[in-house]
Every structure is written in structure tokens, then in C-alpha cells.
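Structure file query17.tsv with TSV, C-alpha atoms:
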chain	number	residue	atom	x	y	z
L	5	MET	CA	8.98	12.84	32.15
L	6	LYS	CA	11.93	14.24	30.27
L	7	ILE	CA	11.70	16.09	26.94
L	8	GLU	CA	14.70	16.74	24.69
L	9	THR	CA	14.60	18.50	21.31
L	10	PHE	CA	16.87	18.59	18.30
L	11	ASN	CA	16.68	19.59	14.66
L	12	PHE	CA	18.79	19.17	11.58
L	13	SER	CA	18.69	20.11	7.92
L	14	VAL	CA	18.77	17.92	4.83
L	15	ARG	CA	19.74	19.19	1.38
L	16	THR	CA	17.84	17.29	-1.31
L	17	ALA	CA	19.18	16.90	-4.84
L	18	LYS	CA	16.19	15.97	-6.99
L	19	ARG	CA	12.55	17.02	-7.38
L	20	GLU	CA	11.46	13.70	-5.88
L	21	GLU	CA	13.54	11.47	-3.67
L	22	PHE	CA	13.58	9.70	-0.32
L	23	ILE	CA	16.46	10.57	2.03
L	24	ASP	CA	17.39	8.03	4.70
L	25	ILE	CA	17.50	9.84	8.07
L	26	THR	CA	17.54	6.71	10.25
L	27	ASP	CA	21.10	7.31	11.47
L	28	GLU	CA	20.35	10.89	12.54
L	29	VAL	CA	17.36	9.71	14.57
L	30	LEU	CA	19.22	6.78	16.15
L	31	GLU	CA	22.14	9.02	17.10
L	32	PHE	CA	19.82	11.55	18.76
L	33	VAL	CA	18.20	8.77	20.80
L	34	LYS	CA	21.58	7.34	21.75
L	35	LYS	CA	22.83	10.72	23.02
L	36	SER	CA	19.67	11.37	25.02
L	37	SER	CA	19.04	10.31	28.60
L	38	ILE	CA	15.73	8.59	27.72
L	39	ASP	CA	15.50	4.89	28.49
L	40	THR	CA	11.86	4.17	27.59
L	41	GLY	CA	9.56	6.48	25.67
L	42	TRP	CA	9.36	7.56	22.05
L	43	VAL	CA	10.90	9.89	19.50
L	44	LYS	CA	8.69	12.31	17.62
L	45	ILE	CA	9.64	13.37	14.08
L	46	PHE	CA	8.04	16.41	12.43
L	47	VAL	CA	8.76	17.94	9.02
L	48	PRO	CA	7.66	21.63	8.92
L	49	HIS	CA	7.06	21.64	5.15
L	50	THR	CA	4.02	21.25	2.90
L	51	THR	CA	5.67	19.59	-0.12
L	52	ALA	CA	7.73	17.06	1.85
L	53	ALA	CA	6.75	14.20	4.17
L	54	ILE	CA	8.10	11.58	6.55
L	55	THR	CA	7.66	7.83	6.25
L	56	ILE	CA	9.00	4.49	7.40
L	57	ASN	CA	9.70	1.83	4.80
L	58	GLU	CA	12.18	-0.80	3.62
L	59	ASN	CA	15.84	-0.11	4.38
L	60	ALA	CA	17.40	-2.96	2.37
L	61	ASP	CA	16.66	-2.44	-1.33
L	62	VAL	CA	16.73	1.17	-2.57
L	63	ASP	CA	14.48	0.06	-5.43
L	64	VAL	CA	11.57	0.02	-2.98
L	65	GLN	CA	11.88	3.77	-2.42
L	66	ARG	CA	12.20	4.37	-6.15
L	67	ASP	CA	9.13	2.22	-6.81
L	68	ILE	CA	7.06	4.11	-4.23
L	69	ILE	CA	8.07	7.44	-5.80
L	70	LYS	CA	7.17	6.06	-9.24
L	71	ILE	CA	3.82	4.71	-8.04
L	72	LEU	CA	2.92	8.06	-6.46
L	73	SER	CA	4.04	10.03	-9.53
L	74	THR	CA	1.99	7.81	-11.82
L	75	LEU	CA	-1.09	8.34	-9.66
L	76	ILE	CA	-0.51	12.07	-9.15
L	77	PRO	CA	1.48	13.50	-12.07
L	78	LYS	CA	2.96	17.00	-12.04
L	79	ALA	CA	0.22	18.77	-13.97
L	80	HIS	CA	-1.61	22.06	-14.22
L	81	TYR	CA	-3.94	22.59	-11.29
L	82	ALA	CA	-5.42	25.83	-9.91
L	83	HIS	CA	-2.46	26.61	-7.61
L	84	ALA	CA	-0.23	28.97	-9.59
L	85	GLU	CA	3.06	27.55	-8.33
L	86	GLY	CA	2.37	24.34	-10.27
L	87	ASN	CA	3.36	22.00	-7.45
L	88	SER	CA	-0.04	20.83	-6.21
L	89	ASP	CA	1.01	17.24	-6.90
L	90	ALA	CA	3.71	17.67	-4.23
L	91	HIS	CA	1.22	19.16	-1.74
L	92	ALA	CA	-1.15	16.22	-2.31
L	93	LYS	CA	1.64	13.68	-1.77
L	94	SER	CA	2.69	15.47	1.43
L	95	THR	CA	-0.85	15.23	2.81
L	96	ILE	CA	-1.22	11.58	1.76
L	97	ILE	CA	2.06	10.47	3.41
L	98	GLY	CA	1.95	12.90	6.34
L	99	CYS	CA	4.49	15.20	7.99
L	100	GLN	CA	4.88	13.56	11.40
L	101	LEU	CA	5.21	10.23	13.17
L	102	ASP	CA	6.44	8.66	16.42
L	103	ILE	CA	8.71	5.67	17.01
L	104	LEU	CA	8.77	3.75	20.28
L	105	ILE	CA	11.88	3.36	22.47
L	106	GLU	CA	12.19	0.53	24.98
L	107	ASN	CA	15.26	0.14	27.19
L	108	LYS	CA	17.31	2.41	24.88
L	109	VAL	CA	16.29	0.37	21.81
L	110	VAL	CA	14.48	2.18	18.98
L	111	MET	CA	11.71	-0.28	18.16
L	112	LEU	CA	11.95	-0.21	14.39
L	113	GLY	CA	11.32	-3.50	12.63
L	114	GLN	CA	14.19	-5.36	10.99
L	115	TRP	CA	13.43	-3.90	7.54
L	116	GLN	CA	12.28	-0.44	8.62
L	117	GLY	CA	14.22	2.74	7.89
L	118	ILE	CA	13.10	6.36	8.33
L	119	TYR	CA	12.83	8.51	5.21
L	120	LEU	CA	12.37	12.19	4.52
L	121	CYS	CA	10.22	12.32	1.36
L	122	GLU	CA	11.08	15.17	-0.99
L	123	PHE	CA	8.33	15.91	-3.53
L	124	ASP	CA	9.34	19.38	-4.78
L	125	GLY	CA	13.11	19.65	-4.53
L	126	PRO	CA	15.87	20.33	-4.67
L	127	ARG	CA	15.43	22.24	-1.42
L	128	THR	CA	16.86	22.45	2.09
L	129	ARG	CA	14.49	20.67	4.45
L	130	ARG	CA	14.33	20.83	8.24
L	131	VAL	CA	13.54	17.87	10.48
L	132	ASP	CA	12.38	18.49	14.07
L	133	LEU	CA	12.94	15.73	16.63
L	134	MET	CA	11.58	15.49	20.15
L	135	ILE	CA	12.44	12.60	22.42
L	136	VAL	CA	10.15	11.98	25.36
L	137	GLY	CA	10.11	9.45	28.17
L	138	ASN	CA	11.54	8.24	31.42
L	139	ALA	CA	15.30	8.33	32.07
H	19	MET	CA	3.97	9.85	33.86
H	20	LYS	CA	3.56	6.10	33.57
H	21	ILE	CA	4.54	4.04	30.54
H	22	GLU	CA	3.38	0.45	29.97
H	23	THR	CA	4.23	-1.69	26.95
H	24	PHE	CA	2.70	-4.75	25.35
H	25	ASN	CA	2.88	-6.58	22.05
H	26	PHE	CA	0.94	-9.32	20.33
H	27	SER	CA	1.00	-11.20	17.05
H	28	VAL	CA	-1.62	-11.53	14.36
H	29	ARG	CA	-1.69	-14.32	11.77
H	30	THR	CA	-3.16	-13.06	8.51
H	31	ALA	CA	-4.83	-15.41	6.02
H	32	LYS	CA	-4.90	-13.52	2.72
H	33	ARG	CA	-2.56	-11.35	0.66
H	34	GLU	CA	-4.70	-8.31	1.48
H	35	GLU	CA	-7.04	-7.97	4.41
H	36	PHE	CA	-7.89	-5.78	7.39
H	37	ILE	CA	-7.80	-7.46	10.81
H	38	ASP	CA	-9.82	-5.87	13.60
H	39	ILE	CA	-7.52	-5.40	16.62
H	40	THR	CA	-9.82	-3.06	18.56
H	41	ASP	CA	-10.51	-5.61	21.32
H	42	GLU	CA	-6.80	-6.25	21.92
H	43	VAL	CA	-6.15	-2.53	22.30
H	44	LEU	CA	-9.15	-1.94	24.57
H	45	GLU	CA	-8.17	-4.88	26.77
H	46	PHE	CA	-4.61	-3.56	27.16
H	47	VAL	CA	-5.95	-0.14	28.19
H	48	LYS	CA	-8.41	-1.73	30.64
H	49	LYS	CA	-5.66	-3.75	32.34
H	50	SER	CA	-3.32	-0.77	32.62
H	51	SER	CA	-3.22	1.72	35.46
H	52	ILE	CA	-3.56	4.73	33.13
H	53	ASP	CA	-6.56	6.99	33.71
H	54	THR	CA	-5.89	9.78	31.19
H	55	GLY	CA	-3.32	9.68	28.42
H	56	TRP	CA	-3.09	7.82	25.13
H	57	VAL	CA	-2.24	4.47	23.60
H	58	LYS	CA	0.40	4.28	20.89
H	59	ILE	CA	0.16	1.57	18.22
H	60	PHE	CA	3.14	0.70	16.02
H	61	VAL	CA	3.47	-1.99	13.35
H	62	PRO	CA	7.14	-2.92	12.75
H	63	HIS	CA	6.57	-4.02	9.14
H	64	THR	CA	6.98	-2.42	5.71
H	65	THR	CA	4.17	-4.17	3.85
H	66	ALA	CA	1.51	-3.77	6.54
H	67	ALA	CA	-0.09	-0.71	8.13
H	68	ILE	CA	-2.45	0.47	10.87
H	69	THR	CA	-5.64	2.44	10.38
H	70	ILE	CA	-8.88	3.45	12.04
H	71	ASN	CA	-12.11	3.07	10.08
H	72	GLU	CA	-15.70	1.85	10.20
H	73	ASN	CA	-16.46	-0.99	12.60
H	74	ALA	CA	-20.05	-1.72	11.56
H	75	ASP	CA	-20.09	-2.92	7.95
H	76	VAL	CA	-17.21	-5.18	6.88
H	77	ASP	CA	-17.90	-4.10	3.29
H	78	VAL	CA	-16.18	-0.79	4.08
H	79	GLN	CA	-12.87	-2.55	4.73
H	80	ARG	CA	-13.30	-4.64	1.59
H	81	ASP	CA	-14.07	-1.52	-0.44
H	82	ILE	CA	-10.98	0.29	0.88
H	83	ILE	CA	-8.81	-2.71	-0.04
H	84	LYS	CA	-10.41	-2.79	-3.50
H	85	ILE	CA	-9.96	0.96	-4.03
H	86	LEU	CA	-6.28	0.75	-3.05
H	87	SER	CA	-5.68	-2.33	-5.23
H	88	THR	CA	-7.29	-0.65	-8.22
H	89	LEU	CA	-5.08	2.41	-7.76
H	90	ILE	CA	-1.92	0.41	-7.04
H	91	PRO	CA	-2.12	-3.02	-8.69
H	92	LYS	CA	0.37	-5.79	-7.95
H	93	ALA	CA	2.64	-5.30	-10.95
H	94	HIS	CA	6.24	-5.52	-12.00
H	95	TYR	CA	8.32	-2.73	-10.53
H	96	ALA	CA	12.09	-2.51	-10.00
H	97	HIS	CA	12.07	-4.24	-6.58
H	98	ALA	CA	12.80	-7.90	-7.29
H	99	GLU	CA	10.45	-9.28	-4.62
H	100	GLY	CA	7.51	-8.05	-6.67
H	101	ASN	CA	5.63	-6.55	-3.71
H	102	SER	CA	6.28	-2.84	-4.23
H	103	ASP	CA	2.53	-2.27	-4.33
H	104	ALA	CA	2.38	-3.45	-0.72
H	105	HIS	CA	5.27	-1.18	0.30
H	106	ALA	CA	3.53	1.81	-1.31
H	107	LYS	CA	0.24	1.05	0.48
H	108	SER	CA	2.11	0.72	3.79
H	109	THR	CA	3.66	4.17	3.34
H	110	ILE	CA	0.35	5.73	2.26
H	111	ILE	CA	-1.63	4.38	5.25
H	112	GLY	CA	1.20	4.56	7.80
H	113	CYS	CA	2.57	2.18	10.42
H	114	GLN	CA	1.70	4.06	13.62
H	115	LEU	CA	-0.97	6.12	15.34
H	116	ASP	CA	-2.15	7.25	18.78
H	117	ILE	CA	-5.60	7.12	20.37
H	118	LEU	CA	-6.61	9.35	23.29
H	119	ILE	CA	-7.73	8.00	26.68
H	120	GLU	CA	-9.82	10.14	29.05
H	121	ASN	CA	-10.95	8.84	32.45
H	122	LYS	CA	-10.30	5.23	31.36
H	123	VAL	CA	-12.36	5.69	28.17
H	124	VAL	CA	-10.63	5.08	24.83
H	125	MET	CA	-11.84	8.06	22.80
H	126	LEU	CA	-12.72	6.26	19.58
H	127	GLY	CA	-15.75	7.56	17.73
H	128	GLN	CA	-18.93	5.50	17.63
H	129	TRP	CA	-18.10	3.97	14.25
H	130	GLN	CA	-14.33	3.71	14.66
H	131	GLY	CA	-12.48	0.39	14.93
H	132	ILE	CA	-8.72	-0.24	14.78
H	133	TYR	CA	-7.40	-2.34	11.91
H	134	LEU	CA	-4.12	-3.99	11.07
H	135	CYS	CA	-3.82	-3.69	7.29
H	136	GLU	CA	-2.16	-6.66	5.61
H	137	PHE	CA	-0.94	-5.95	2.08
H	138	ASP	CA	1.43	-8.86	1.46
H	139	GLY	CA	0.16	-11.85	3.44
H	140	PRO	CA	-0.41	-14.37	4.62
H	141	ARG	CA	2.18	-13.56	7.29
H	142	THR	CA	2.55	-13.32	11.04
H	143	ARG	CA	2.50	-9.65	12.03
H	144	ARG	CA	3.52	-8.02	15.29
H	145	VAL	CA	1.74	-5.08	16.89
H	146	ASP	CA	3.55	-2.97	19.51
H	147	LEU	CA	1.46	-1.06	22.01
H	148	MET	CA	2.57	1.58	24.50
H	149	ILE	CA	0.16	3.22	26.90
H	150	VAL	CA	1.22	6.53	28.41
H	151	GLY	CA	-0.38	8.91	30.86
H	152	ASN	CA	-1.32	9.71	34.42
H	153	ALA	CA	-2.67	7.02	36.75
N	30	MET	CA	3.78	15.88	32.98
N	31	LYS	CA	0.57	17.83	32.55
N	32	ILE	CA	-2.33	16.77	30.33
N	33	GLU	CA	-5.14	19.10	29.29
N	34	THR	CA	-8.06	18.20	27.02
N	35	PHE	CA	-10.48	20.17	24.90
N	36	ASN	CA	-12.90	19.52	22.06
N	37	PHE	CA	-14.91	21.58	19.64
N	38	SER	CA	-17.32	21.05	16.78
N	39	VAL	CA	-17.10	22.13	13.16
N	40	ARG	CA	-20.12	22.41	10.87
N	41	THR	CA	-19.12	21.60	7.30
N	42	ALA	CA	-21.05	22.97	4.31
N	43	LYS	CA	-20.10	20.76	1.36
N	44	ARG	CA	-19.60	17.06	0.65
N	45	GLU	CA	-15.84	17.66	0.36
N	46	GLU	CA	-13.94	20.55	1.83
N	47	PHE	CA	-10.99	21.42	4.06
N	48	ILE	CA	-11.76	23.56	7.12
N	49	ASP	CA	-8.89	25.56	8.64
N	50	ILE	CA	-8.76	24.80	12.39
N	51	THR	CA	-5.32	26.30	13.01
N	52	ASP	CA	-6.67	29.18	15.12
N	53	GLU	CA	-8.65	26.85	17.39
N	54	VAL	CA	-5.54	24.75	18.03
N	55	LEU	CA	-3.27	27.77	18.62
N	56	GLU	CA	-5.78	29.28	21.04
N	57	PHE	CA	-6.01	26.06	23.05
N	58	VAL	CA	-2.21	25.92	23.33
N	59	LYS	CA	-2.05	29.60	24.32
N	60	LYS	CA	-4.59	29.12	27.12
N	61	SER	CA	-2.87	26.02	28.45
N	62	SER	CA	-0.08	25.95	31.01
N	63	ILE	CA	2.21	23.83	28.81
N	64	ASP	CA	5.57	25.36	27.90
N	65	THR	CA	7.20	22.47	26.00
N	66	GLY	CA	5.44	19.37	24.76
N	67	TRP	CA	2.96	18.69	21.98
N	68	VAL	CA	-0.69	18.96	21.03
N	69	LYS	CA	-2.54	15.87	19.88
N	70	ILE	CA	-5.42	16.21	17.40
N	71	PHE	CA	-7.90	13.38	16.87
N	72	VAL	CA	-11.00	13.27	14.67
N	73	PRO	CA	-13.48	10.60	15.88
N	74	HIS	CA	-15.01	10.04	12.43
N	75	THR	CA	-14.53	7.54	9.60
N	76	THR	CA	-15.32	9.78	6.62
N	77	ALA	CA	-13.28	12.78	7.75
N	78	ALA	CA	-9.57	13.27	8.39
N	79	ILE	CA	-6.96	15.69	9.71
N	80	THR	CA	-3.99	17.05	7.76
N	81	ILE	CA	-1.39	19.80	7.69
N	82	ASN	CA	-0.82	21.67	4.44
N	83	GLU	CA	-0.37	25.10	2.86
N	84	ASN	CA	-2.06	28.02	4.62
N	85	ALA	CA	-1.44	30.72	1.98
N	86	ASP	CA	-3.28	29.79	-1.21
N	87	VAL	CA	-6.70	28.18	-0.78
N	88	ASP	CA	-6.25	26.71	-4.28
N	89	VAL	CA	-3.87	24.16	-2.77
N	90	GLN	CA	-6.64	22.67	-0.64
N	91	ARG	CA	-9.03	22.69	-3.61
N	92	ASP	CA	-6.39	20.98	-5.77
N	93	ILE	CA	-5.78	18.26	-3.15
N	94	ILE	CA	-9.55	17.59	-2.93
N	95	LYS	CA	-9.71	17.44	-6.73
N	96	ILE	CA	-6.70	15.11	-6.98
N	97	LEU	CA	-8.20	12.76	-4.39
N	98	SER	CA	-11.64	12.82	-6.02
N	99	THR	CA	-10.16	12.04	-9.41
N	100	LEU	CA	-8.27	9.07	-7.97
N	101	ILE	CA	-11.18	7.85	-5.84
N	102	PRO	CA	-14.49	8.92	-7.38
N	103	LYS	CA	-17.80	8.59	-5.58
N	104	ALA	CA	-18.95	5.33	-7.15
N	105	HIS	CA	-20.88	2.20	-6.38
N	106	TYR	CA	-18.93	-0.13	-4.09
N	107	ALA	CA	-20.20	-2.93	-1.86
N	108	HIS	CA	-20.94	-0.69	1.16
N	109	ALA	CA	-24.64	0.16	0.86
N	110	GLU	CA	-24.31	3.74	2.12
N	111	GLY	CA	-22.46	4.61	-1.08
N	112	ASN	CA	-19.70	6.61	0.64
N	113	SER	CA	-16.80	4.15	0.51
N	114	ASP	CA	-14.77	6.77	-1.37
N	115	ALA	CA	-14.96	8.94	1.76
N	116	HIS	CA	-13.92	6.04	4.02
N	117	ALA	CA	-10.91	5.34	1.78
N	118	LYS	CA	-9.83	9.00	1.81
N	119	SER	CA	-10.16	9.07	5.60
N	120	THR	CA	-7.87	6.07	5.95
N	121	ILE	CA	-5.36	7.46	3.43
N	122	ILE	CA	-5.07	10.87	5.13
N	123	GLY	CA	-5.52	9.65	8.71
N	124	CYS	CA	-7.60	10.80	11.66
N	125	GLN	CA	-4.88	11.92	14.09
N	126	LEU	CA	-1.56	13.77	14.34
N	127	ASP	CA	0.67	15.58	16.82
N	128	ILE	CA	2.34	19.00	16.59
N	129	LEU	CA	5.36	19.95	18.69
N	130	ILE	CA	5.40	22.88	21.15
N	131	GLU	CA	8.66	24.47	22.26
N	132	ASN	CA	8.73	27.38	24.72
N	133	LYS	CA	5.04	28.12	24.07
N	134	VAL	CA	5.59	28.18	20.29
N	135	VAL	CA	3.60	25.72	18.16
N	136	MET	CA	6.28	24.43	15.80
N	137	LEU	CA	4.36	24.60	12.54
N	138	GLY	CA	6.35	25.59	9.48
N	139	GLN	CA	5.82	29.00	7.90
N	140	TRP	CA	3.38	27.65	5.30
N	141	GLN	CA	1.66	25.01	7.44
N	142	GLY	CA	-1.96	25.23	8.55
N	143	ILE	CA	-4.11	22.54	10.19
N	144	TYR	CA	-7.16	21.30	8.29
N	145	LEU	CA	-10.15	19.16	9.10
N	146	CYS	CA	-10.84	17.21	5.90
N	147	GLU	CA	-14.52	16.63	5.20
N	148	PHE	CA	-15.18	13.85	2.66
N	149	ASP	CA	-18.88	13.10	3.23
N	150	GLY	CA	-20.54	16.32	4.38
N	151	PRO	CA	-22.26	18.43	5.15
N	152	ARG	CA	-22.03	17.16	8.73
N	153	THR	CA	-21.15	18.34	12.21
N	154	ARG	CA	-17.66	17.07	13.04
N	155	ARG	CA	-15.94	16.86	16.42
N	156	VAL	CA	-12.24	17.54	16.98
N	157	ASP	CA	-10.54	16.22	20.14
N	158	LEU	CA	-7.44	18.02	21.37
N	159	MET	CA	-5.02	16.93	24.07
N	160	ILE	CA	-2.05	19.05	25.07
N	161	VAL	CA	0.76	17.30	26.90
N	162	GLY	CA	4.08	18.46	28.30
N	163	ASN	CA	5.95	20.30	30.99
N	164	ALA	CA	4.63	23.57	32.41

Output the structure of this file as C-alpha cells.
Amino acid sequence: MKIETFNFSVRTAKREEFIDITDEVLEFVKKSSIDTGWVKIFVPHTTAAITINENADVDVQRDIIKILSTLIPKAHYAHAEGNSDAHAKSTIIGCQLDILIENKVVMLGQWQGIYLCEFDGPRTRRVDLMIVGNA
Amino acid sequence: MKIETFNFSVRTAKREEFIDITDEVLEFVKKSSIDTGWVKIFVPHTTAAITINENADVDVQRDIIKILSTLIPKAHYAHAEGNSDAHAKSTIIGCQLDILIENKVVMLGQWQGIYLCEFDGPRTRRVDLMIVGNA
Amino acid sequence: MKIETFNFSVRTAKREEFIDITDEVLEFVKKSSIDTGWVKIFVPHTTAAITINENADVDVQRDIIKILSTLIPKAHYAHAEGNSDAHAKSTIIGCQLDILIENKVVMLGQWQGIYLCEFDGPRTRRVDLMIVGNA
């Protein structure tokens, strides 16, 4: 089993937005020596998240942000920083996921892209990647 | 480390339903040569998801669908296809997860079953499995 | 590739609370022989979950519990046990996740802690850990 690691930073521009990081992940897999295995993605933040969703119409990402913000508005909770809505969204979406690789192909579906979810930006966010498998 | 892959299709019958795929996963693990490791499940769709929840009373799955539909009704959002509710549910539940295997036993809890979550059916959905570990 | 397993129990005290299990996970990684890889965490329950969120201000965890309870109140649904809210929260948060390990360092962010989420306590909950990687 081979393990290769990589990380990169993303600068977000708004309080809430989804940033497409599919190309960064695909490039890392392409450069690696792994033929079959999986790539692990981890976001080391508590007001951001990682998800997979539609890559074709940017309105889908905007709608998801709007749906989440309607459910969990920025409001006054106990936490003094005032960003508990962002913490809740991070826990609901999650900060890590894996994507399968078979014969050098990242097994995303036709409409799937990979998105860093910013819920309390603008900030600089880090994305940790680990690719694992057989060469 | 050994890696084995498999995939199968599921035909859903309703717009929203949970399909029990526990048997398919257990069978794949049983046929494999892996003794200790884990099975990875990935759904390559953006309006479906994968979850683990109660296997005893089908009302639990119906209640979860009802709770999600009450929170996120099918409504008019920016995305022209009109299924942004399904995309949001897919991102909230997630499209992938892993289950541990120890000494040929899939380490699900007593009440845990594995469910494909359909949020925009009826459709044909694909489930990708990868089993990894030591023989 | 080396695989090591461990499990421990947590006794919860309230119907809904987050229990910090970061130390238990870090200790297991420290005792293991793995240098680079990841630790898998799995909760074999259908009314509990596992998440990563802020480790500094306990108000964040309380706010997340409050946000979830406001969205999904304990109410009468079809499931006769009356705890469908807890099942829904379990499916929304998820019962498993992985954390990366590089050179013996668990790659959590500065503000990230690991929490068992109890949604239908008090109960005794089990946490399964599997550490995987190269020694």
C-alpha cells in the first residue's frame, strides 16, 4: 500500500459560498503513482465543510446555501463569536470524505463535483488530501 | 493490502424512499477474501445519498423522509430543474461512508441497516463498493 | 499495511449531549505502531452520531444541539418508540468518519475536537476505532 499526502489553501470571498476544488483533487490523483485506491479529503476547520454535489449548474450550490441559511439563520446563540450557525452547518455537512479511484479514474458520477463549503468567510481555508492504494 | 471492487444498480419506485442495501453489501463482503478491513460505499449521484439507520421498524425510514421533507420542501428555487431540495438532502446526508470488518464480521450495530436514500426518483441508481483490508 | 482495532464505551447522562472523545482517540493513535495513515471512528448506534467541531467553547456544542432540536423537535411520528427525531439527527450527522495521521500527528485542526453525539440518552454507547497505515 502506498500513501501520498498533499495540501493546498483556498481563499474564500464571501461569508457563505461553495468553492469547486475538483480540479485540485483530480490533478493530485493524476500526479500520484496510485492506480486503484481512494483519495481522502479533510478540512481542518469547524465553520467550513466538504461536499460532493452538482457540477453543471451553479444555481444548485446557491440553492443549497440558501436552503441551509433559511433553516439555520445567523442569529444570537450562546457562543459569543456569533457564528454558531456556521458551526452547525459544518457538523451537518461534515469535514471529510473519500472518493474511489479505479485504474487511475476518479469514480465521481457524471454530475458530481467536489466543493469546499465556506460558512463563515471570507477566510483562508486549508484542504488536506491523502491518496491511498496500490500502484 | 487487498482491494476488491463491485457495483450494482437499484431501481427506485418513488420520488423519495430509502432502499435497504444491507444484504448486497454483506454478500459482497462474504464473497471477498478480506478478513479484517472495511467496505467503502459510494453513490455517484447528486440527488441520492447513503446512510445507516434502524433496520427493524420501517416507520423510522418513513419518519426521516418526512422530517427532511418538512424541513426542505420541494419548492421553486433558482435551479431550473426544480429539484434543489433533493440536492440539498444529498449534501446533508452524504454520498459515501465506510463500515468496518473484523474477522469477516461486518461491524454494524444490532439495529443498523444500510440504506440508499432516493430524493428525486423514480430513477436507476448505481452503488459502488470497494472492500479493502488484509486477507 | 497495518490494521489495529480498539473500542470503548461512553456513558451519557442526558437525552442530548456531545461527549468529547478526542483524548481517547489520540491515546489509541499514540499507542499504535502507525506512523502515517488514518484512524477510523464508527458508532454502531442509530440514535447517536460522531462529529468534529470546536473544542474551545462548550457553548458551540450546546448551540448545535439547540439548533438541531429546534429544527427537529421530539414529536409524535409514526415510529412507536417516539424517538424518530433522534434517528433523523443520527442520519444527518452520520455515524462514521476518518481522521488523517501524518508522522504520528493526528491532523485535526487547531479548533477541532471529536464528539460522540447523543440524541436519545442517557445510554451506554460504544465507539469502534480502527487505525490503518504504514508503521

Original post:
Once you count only C-alpha atoms, which residues end up no further than 6 Å from (-11.0, 18.2, 21.9) in the file's frame, shown as a list in words?
Top reply: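 Final list of nearby residues, as requested, is Thr34, Phe35, Asn36, Phe37, Val156, Asp157 and Leu158 of chain N.
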
Under the rule of at most 9 Å, produce a per-residue listing of region 25-99 of chain L near region 110-126 of chain N: chain, number, name, the closest pair of atoms, and the distance in Å, as a tab-separated table, using all atoms listed in the file.
residue	atom	partner	partner_atom	distance
L:Thr95	CA	N:Ile122	CA	6.5
L:Ile96	CA	N:Ile122	CA	5.2
L:Ile97	CA	N:Ile122	CA	7.3
L:Gly98	CA	N:Ile122	CA	7.4
L:Cys99	CA	N:Leu126	CA	8.9

Written selection (C-alpha atoms) as a PDB file, in the coordinates of the input:
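Saved the output as part-v2.pdb:
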ATOM      1  CA  THR L  95      -0.850  15.230   2.810  1.00  0.00           C
ATOM      2  CA  ILE L  96      -1.220  11.580   1.760  1.00  0.00           C
ATOM      3  CA  ILE L  97       2.060  10.470   3.410  1.00  0.00           C
ATOM      4  CA  GLY L  98       1.950  12.900   6.340  1.00  0.00           C
ATOM      5  CA  CYS L  99       4.490  15.200   7.990  1.00  0.00           C
TER       6      CYS L  99
END

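Contacts from chain L to chain N at a cut-off of 6 Å (all atoms listed in the file) map to L:Pro48, L:His49, L:Thr50, L:Ala82, L:His83, L:Ala92, L:Ile96.
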
Subject >> CA of Pro140 (chain H) to CA of Ala93 (chain H), distance in Å rounded to a single decimal >> reply: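 Separation of CA of Pro140 (chain H) and CA of Ala93 (chain H): 18.3 Å.
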
**OP:** Can you work out which one of H:Arg144, H:Ser51, H:Asn121, H:Thr65 has the shortest atom-to-atom distance to Ile32 (chain N), counting all atoms listed in the file?
**Re:** H:Asn121

Original post:
CA of Met159 (chain N) to CA of Lys69 (chain N): how many Å, to one decimal?
Top reply: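 Atom-to-atom, CA of Met159 (chain N) to CA of Lys69 (chain N), that is 5.0 Å.
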
Original post:
Which value, in Å to one decimal, gives the distance between CA of Val161 (chain N) and CA of Cys135 (chain H)?
Top reply: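 Spanning CA of Val161 (chain N) to CA of Cys135 (chain H) is a straight-line distance of 29.1 Å.
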
Kindly list the centre and edge lengths in Å, rounded to one decimal, for the axis-aligned box that covers all listed atoms of region 108-111 of chain L plus 3 Å on each of its six sides, as JSON.
{"center_x": 14.5, "center_y": 1.1, "center_z": 21.5, "size_x": 11.6, "size_y": 8.7, "size_z": 12.7}
